[in-house]
file protein31.pdb (PDB, C-alpha atoms and all ligand atoms)
ATOM      1  CA  MET S 699      75.100  74.851  89.683  1.00  0.00           C
ATOM      2  CA  SER S 700      75.542  71.453  91.226  1.00  0.00           C
ATOM      3  CA  ARG S 701      76.715  69.637  88.175  1.00  0.00           C
ATOM      4  CA  ASN S 702      80.085  68.002  88.606  1.00  0.00           C
ATOM      5  CA  THR S 703      81.659  68.630  85.243  1.00  0.00           C
ATOM      6  CA  ARG S 704      84.785  66.818  86.292  1.00  0.00           C
ATOM      7  CA  ASP S 705      82.936  63.584  85.772  1.00  0.00           C
ATOM      8  CA  PHE S 706      83.631  63.980  82.102  1.00  0.00           C
ATOM      9  CA  TYR S 707      87.274  63.378  82.686  1.00  0.00           C
ATOM     10  CA  ASP S 708      86.350  59.774  83.228  1.00  0.00           C
ATOM     11  CA  HIS S 709      85.346  59.410  79.619  1.00  0.00           C
ATOM     12  CA  TYR S 710      88.473  60.334  77.756  1.00  0.00           C
ATOM     13  CA  VAL S 711      92.220  60.177  77.888  1.00  0.00           C
ATOM     14  CA  LYS S 712      94.251  63.123  76.803  1.00  0.00           C
ATOM     15  CA  VAL S 713      96.708  62.039  74.128  1.00  0.00           C
ATOM     16  CA  GLY S 714      97.904  65.357  72.754  1.00  0.00           C
ATOM     17  CA  PRO S 715      97.613  69.124  73.069  1.00  0.00           C
ATOM     18  CA  LYS S 716      94.206  69.050  71.418  1.00  0.00           C
ATOM     19  CA  ALA S 717      93.695  65.349  71.099  1.00  0.00           C
ATOM     20  CA  VAL S 718      91.631  63.130  73.321  1.00  0.00           C
ATOM     21  CA  GLN S 719      90.818  59.461  73.037  1.00  0.00           C
ATOM     22  CA  CYS S 720      87.348  58.183  73.784  1.00  0.00           C
ATOM     23  CA  ASN S 721      87.179  55.515  76.457  1.00  0.00           C
ATOM     24  CA  TYR S 722      84.257  53.840  74.776  1.00  0.00           C
ATOM     25  CA  TYR S 723      85.274  53.700  71.168  1.00  0.00           C
ATOM     26  CA  ASN S 724      89.072  54.069  71.112  1.00  0.00           C
ATOM     27  CA  LYS S 725      88.411  56.984  68.854  1.00  0.00           C
ATOM     28  CA  ILE S 726      90.952  59.786  68.865  1.00  0.00           C
ATOM     29  CA  ILE S 727      89.484  63.240  68.399  1.00  0.00           C
ATOM     30  CA  ASN S 728      92.289  65.586  67.533  1.00  0.00           C
ATOM     31  CA  THR S 729      90.297  68.745  67.049  1.00  0.00           C
ATOM     32  CA  GLY S 730      89.575  69.554  70.661  1.00  0.00           C
ATOM     33  CA  ILE S 731      87.385  68.665  73.576  1.00  0.00           C
ATOM     34  CA  THR S 732      84.307  70.332  72.147  1.00  0.00           C
ATOM     35  CA  ARG S 733      84.339  67.893  69.271  1.00  0.00           C
ATOM     36  CA  PHE S 734      84.716  65.096  71.734  1.00  0.00           C
ATOM     37  CA  LYS S 735      81.629  66.249  73.596  1.00  0.00           C
ATOM     38  CA  LYS S 736      79.724  66.197  70.335  1.00  0.00           C
ATOM     39  CA  HIS S 737      81.086  62.750  69.644  1.00  0.00           C
ATOM     40  CA  LEU S 738      79.671  61.570  72.975  1.00  0.00           C
ATOM     41  CA  SER S 739      76.359  63.289  72.497  1.00  0.00           C
ATOM     42  CA  THR S 740      76.004  61.691  69.062  1.00  0.00           C
ATOM     43  CA  GLN S 741      74.427  64.842  67.728  1.00  0.00           C
ATOM     44  CA  ARG S 742      74.572  65.195  64.025  1.00  0.00           C
ATOM     45  CA  GLY S 743      77.561  67.120  62.824  1.00  0.00           C
ATOM     46  CA  SER S 744      81.041  66.733  61.551  1.00  0.00           C
ATOM     47  CA  VAL S 745      82.130  64.208  64.140  1.00  0.00           C
ATOM     48  CA  ILE S 746      81.764  60.471  64.184  1.00  0.00           C
ATOM     49  CA  GLU S 747      79.140  59.406  66.668  1.00  0.00           C
ATOM     50  CA  CYS S 748      80.087  57.303  69.632  1.00  0.00           C
ATOM     51  CA  PRO S 749      78.326  53.956  69.327  1.00  0.00           C
ATOM     52  CA  ASN S 750      79.246  52.869  72.840  1.00  0.00           C
ATOM     53  CA  ALA S 751      78.541  55.845  75.069  1.00  0.00           C
ATOM     54  CA  PRO S 752      76.065  55.049  77.852  1.00  0.00           C
ATOM     55  CA  THR S 753      72.673  56.633  77.409  1.00  0.00           C
ATOM     56  CA  ASP S 754      72.919  58.493  80.694  1.00  0.00           C
ATOM     57  CA  LEU S 755      76.200  60.021  79.633  1.00  0.00           C
ATOM     58  CA  ARG S 756      74.726  61.107  76.331  1.00  0.00           C
ATOM     59  CA  LYS S 757      71.920  62.902  78.106  1.00  0.00           C
ATOM     60  CA  LEU S 758      74.417  64.572  80.393  1.00  0.00           C
ATOM     61  CA  VAL S 759      76.550  65.776  77.514  1.00  0.00           C
ATOM     62  CA  ILE S 760      73.603  67.005  75.498  1.00  0.00           C
ATOM     63  CA  GLN S 761      72.387  68.915  78.534  1.00  0.00           C
ATOM     64  CA  ALA S 762      75.833  70.384  79.105  1.00  0.00           C
ATOM     65  CA  LEU S 763      76.146  71.476  75.487  1.00  0.00           C
ATOM     66  CA  LYS S 764      72.739  73.098  75.709  1.00  0.00           C
ATOM     67  CA  GLU S 765      73.678  74.965  78.850  1.00  0.00           C
ATOM     68  CA  MET S 766      76.907  76.131  77.300  1.00  0.00           C
ATOM     69  CA  ARG S 767      75.001  77.645  74.432  1.00  0.00           C
ATOM     70  CA  GLN S 768      72.717  79.391  76.871  1.00  0.00           C
ATOM     71  CA  ASN S 769      75.578  80.675  79.003  1.00  0.00           C
ATOM     72  CA  LYS S 770      78.018  81.924  76.449  1.00  0.00           C
ATOM     73  CA  ARG S 771      79.022  84.801  78.666  1.00  0.00           C
ATOM     74  CA  SER S 772      79.762  82.756  81.750  1.00  0.00           C
ATOM     75  CA  CYS S 773      81.439  79.683  80.407  1.00  0.00           C
ATOM     76  CA  ARG S 774      83.387  78.605  83.425  1.00  0.00           C
ATOM     77  CA  GLN S 775      81.839  75.173  83.141  1.00  0.00           C
ATOM     78  CA  LEU S 776      83.212  74.894  79.678  1.00  0.00           C
ATOM     79  CA  ARG S 777      86.673  75.834  80.900  1.00  0.00           C
ATOM     80  CA  ASP S 778      86.499  73.123  83.524  1.00  0.00           C
ATOM     81  CA  TRP S 779      86.273  70.692  80.703  1.00  0.00           C
ATOM     82  CA  GLU S 780      89.202  71.909  78.734  1.00  0.00           C
ATOM     83  CA  PRO S 781      92.134  69.526  78.994  1.00  0.00           C
TER      84      PRO S 781
HETATM   85 ZN    ZN S 801      83.277  57.407  71.776  1.00  0.00          ZN
END

call {"tool": "encode", "arguments": {"input": "protein31.pdb", "output": "structure tokens", "more": "lines below"}}
Ligand SMILES: [Zn+2]
result
Amino acid sequence: MSRNTRDFYDHYVKVGPKAVQCNYYNKIINTGITRFKKHLSTQRGSVIECPNAPTDLRKLVIQALKEMRQNKRSCRQLRDWEP
């Protein structure tokens, strides 16, 4: 695993216990970092898509979400993301 998950910290600002603000859209997601990842990945769901996230970042997030689903048992990467 060579992915540097800490890069994702560059894309949000923590504004509350479970709230993060998107650097690209000034959107506050107050339901946790997982929702924020979905916001960045612009996958369909219950979150508002990020209109300003760079394409490369989107790909990265989508890949990370996919890997998290595949590695439910060893989710250290996921923990690295938690604010
Ligand atoms: Zn955004």

call {"tool": "residues_near_ligand", "arguments": {"input": "protein31.pdb", "ligand": "ligand ZN 801 (chain S)", "cutoff": "6 Å", "atoms": "only C-alpha atoms and all ligand atoms", "output": "PyMOL selection string"}}
result
chain S and resi 720+722-723+725+738+748+751

call {"tool": "closest_residue", "arguments": {"input": "protein31.pdb", "among": "S:Val759, S:Pro749, S:Glu765, S:Gln719", "to": "Lys735 in chain S", "atoms": "all atoms listed in the file"}}
result
S:Val759

call {"tool": "residues_around", "arguments": {"input": "protein31.pdb", "residues": "His737 in chain S", "least_positions_apart": "4", "cutoff": "8 Å", "atoms": "all atoms listed in the file", "output": "list in words"}}
result
Arg733, Gln741, Val745, Ile746, Glu747 and Cys748 of chain S

call {"tool": "closest_residue", "arguments": {"input": "protein31.pdb", "among": "S:Lys757, S:Asn750, S:Gln768, S:Ala717", "to": "Thr732 in chain S", "atoms": "only C-alpha atoms"}}
result
S:Ala717

call {"tool": "closest_residue", "arguments": {"input": "protein31.pdb", "among": "S:Ile760, S:Met766, S:Ile731, S:Leu755", "to": "Gly714 in chain S", "atoms": "only C-alpha atoms"}}
result
S:Ile731

call {"tool": "resolve_selection", "arguments": {"input": "protein31.pdb", "expression": "the PyMOL selection byres (((chain S and resi 712) around 12) and not hetatm)", "output": "compact mmCIF listing (two decimals) with C-alpha atoms, in the coordinates of the input"}}
result
# COMPACT_ATOMS: atom_id res chain seq x y z
CA PHE S 706 83.63 63.98 82.10
CA TYR S 707 87.27 63.38 82.69
CA ASP S 708 86.35 59.77 83.23
CA HIS S 709 85.35 59.41 79.62
CA TYR S 710 88.47 60.33 77.76
CA VAL S 711 92.22 60.18 77.89
CA VAL S 713 96.71 62.04 74.13
CA GLY S 714 97.90 65.36 72.75
CA PRO S 715 97.61 69.12 73.07
CA LYS S 716 94.21 69.05 71.42
CA ALA S 717 93.70 65.35 71.10
CA VAL S 718 91.63 63.13 73.32
CA GLN S 719 90.82 59.46 73.04
CA CYS S 720 87.35 58.18 73.78
CA ASN S 721 87.18 55.52 76.46
CA ASN S 724 89.07 54.07 71.11
CA LYS S 725 88.41 56.98 68.85
CA ILE S 726 90.95 59.79 68.86
CA ILE S 727 89.48 63.24 68.40
CA ASN S 728 92.29 65.59 67.53
CA THR S 729 90.30 68.74 67.05
CA GLY S 730 89.58 69.55 70.66
CA ILE S 731 87.38 68.67 73.58
CA PHE S 734 84.72 65.10 71.73
CA TRP S 779 86.27 70.69 80.70
CA GLU S 780 89.20 71.91 78.73
CA PRO S 781 92.13 69.53 78.99

call {"tool": "build_atoms", "arguments": {"input": "protein31.pdb", "residues": "range 703-737 of chain S", "atoms": "N, CA and C atoms", "output": "short mmCIF file (atom, residue, chain, number, x, y, z; two decimals), keeping the file's coordinate frame"}}
result
data_model
loop_
_atom_site.label_atom_id
_atom_site.label_comp_id
_atom_site.auth_asym_id
_atom_site.auth_seq_id
_atom_site.Cartn_x
_atom_site.Cartn_y
_atom_site.Cartn_z
N THR S 703 81.18 68.78 86.62
CA THR S 703 81.66 68.63 85.24
C THR S 703 82.90 67.76 85.18
N ARG S 704 83.56 67.60 86.32
CA ARG S 704 84.78 66.82 86.29
C ARG S 704 84.51 65.35 85.98
N ASP S 705 83.27 64.96 86.13
CA ASP S 705 82.94 63.58 85.77
C ASP S 705 83.34 63.25 84.34
N PHE S 706 83.33 64.24 83.50
CA PHE S 706 83.63 63.98 82.10
C PHE S 706 85.06 63.53 81.87
N TYR S 707 85.90 63.83 82.83
CA TYR S 707 87.27 63.38 82.69
C TYR S 707 87.37 61.85 82.69
N ASP S 708 86.34 61.23 83.20
CA ASP S 708 86.35 59.77 83.23
C ASP S 708 86.13 59.15 81.86
N HIS S 709 85.77 59.97 80.90
CA HIS S 709 85.35 59.41 79.62
C HIS S 709 86.35 59.58 78.49
N TYR S 710 87.46 60.21 78.80
CA TYR S 710 88.47 60.33 77.76
C TYR S 710 89.86 60.34 78.37
N VAL S 711 90.82 60.09 77.50
CA VAL S 711 92.22 60.18 77.89
C VAL S 711 92.87 61.21 76.99
N LYS S 712 93.59 62.11 77.60
CA LYS S 712 94.25 63.12 76.80
C LYS S 712 95.48 62.51 76.15
N VAL S 713 95.58 62.65 74.83
CA VAL S 713 96.71 62.04 74.13
C VAL S 713 97.53 63.06 73.37
N GLY S 714 97.16 64.32 73.44
CA GLY S 714 97.90 65.36 72.75
C GLY S 714 97.38 66.70 73.17
N PRO S 715 98.02 67.78 72.68
CA PRO S 715 97.61 69.12 73.07
C PRO S 715 96.13 69.37 72.82
N LYS S 716 95.62 68.87 71.72
CA LYS S 716 94.21 69.05 71.42
C LYS S 716 93.55 67.73 71.08
N ALA S 717 94.20 66.67 71.46
CA ALA S 717 93.70 65.35 71.10
C ALA S 717 93.28 64.57 72.33
N VAL S 718 92.10 63.99 72.25
CA VAL S 718 91.63 63.13 73.32
C VAL S 718 91.15 61.82 72.72
N GLN S 719 91.27 60.77 73.50
CA GLN S 719 90.82 59.46 73.04
C GLN S 719 89.61 59.03 73.85
N CYS S 720 88.59 58.61 73.15
CA CYS S 720 87.35 58.18 73.78
C CYS S 720 87.55 56.85 74.49
N ASN S 721 87.05 56.76 75.70
CA ASN S 721 87.18 55.52 76.46
C ASN S 721 86.25 54.43 75.94
N TYR S 722 85.28 54.81 75.18
CA TYR S 722 84.26 53.84 74.78
C TYR S 722 84.47 53.31 73.37
N TYR S 723 85.22 54.04 72.58
CA TYR S 723 85.27 53.70 71.17
C TYR S 723 86.71 53.66 70.65
N ASN S 724 87.68 53.96 71.52
CA ASN S 724 89.07 54.07 71.11
C ASN S 724 89.25 55.03 69.96
N LYS S 725 88.37 56.01 69.93
CA LYS S 725 88.41 56.98 68.85
C LYS S 725 89.20 58.20 69.32
N ILE S 726 90.18 58.61 68.52
CA ILE S 726 90.95 59.79 68.86
C ILE S 726 90.36 61.00 68.15
N ILE S 727 89.99 61.97 68.93
CA ILE S 727 89.48 63.24 68.40
C ILE S 727 90.61 64.25 68.55
N ASN S 728 91.13 64.70 67.43
CA ASN S 728 92.29 65.59 67.53
C ASN S 728 91.96 67.03 67.23
N THR S 729 90.69 67.37 67.33
CA THR S 729 90.30 68.74 67.05
C THR S 729 89.72 69.42 68.28
N GLY S 730 89.98 68.85 69.44
CA GLY S 730 89.58 69.55 70.66
C GLY S 730 88.46 68.86 71.42
N ILE S 731 88.32 69.31 72.66
CA ILE S 731 87.38 68.67 73.58
C ILE S 731 85.93 68.93 73.18
N THR S 732 85.69 70.05 72.53
CA THR S 732 84.31 70.33 72.15
C THR S 732 83.81 69.29 71.15
N ARG S 733 84.70 68.94 70.23
CA ARG S 733 84.34 67.89 69.27
C ARG S 733 84.09 66.57 69.96
N PHE S 734 84.89 66.33 71.00
CA PHE S 734 84.72 65.10 71.73
C PHE S 734 83.35 65.05 72.42
N LYS S 735 82.95 66.19 72.97
CA LYS S 735 81.63 66.25 73.60
C LYS S 735 80.55 65.94 72.58
N LYS S 736 80.71 66.47 71.38
CA LYS S 736 79.72 66.20 70.33
C LYS S 736 79.75 64.73 69.94
N HIS S 737 80.94 64.17 69.93
CA HIS S 737 81.09 62.75 69.64
C HIS S 737 80.28 61.94 70.66
#
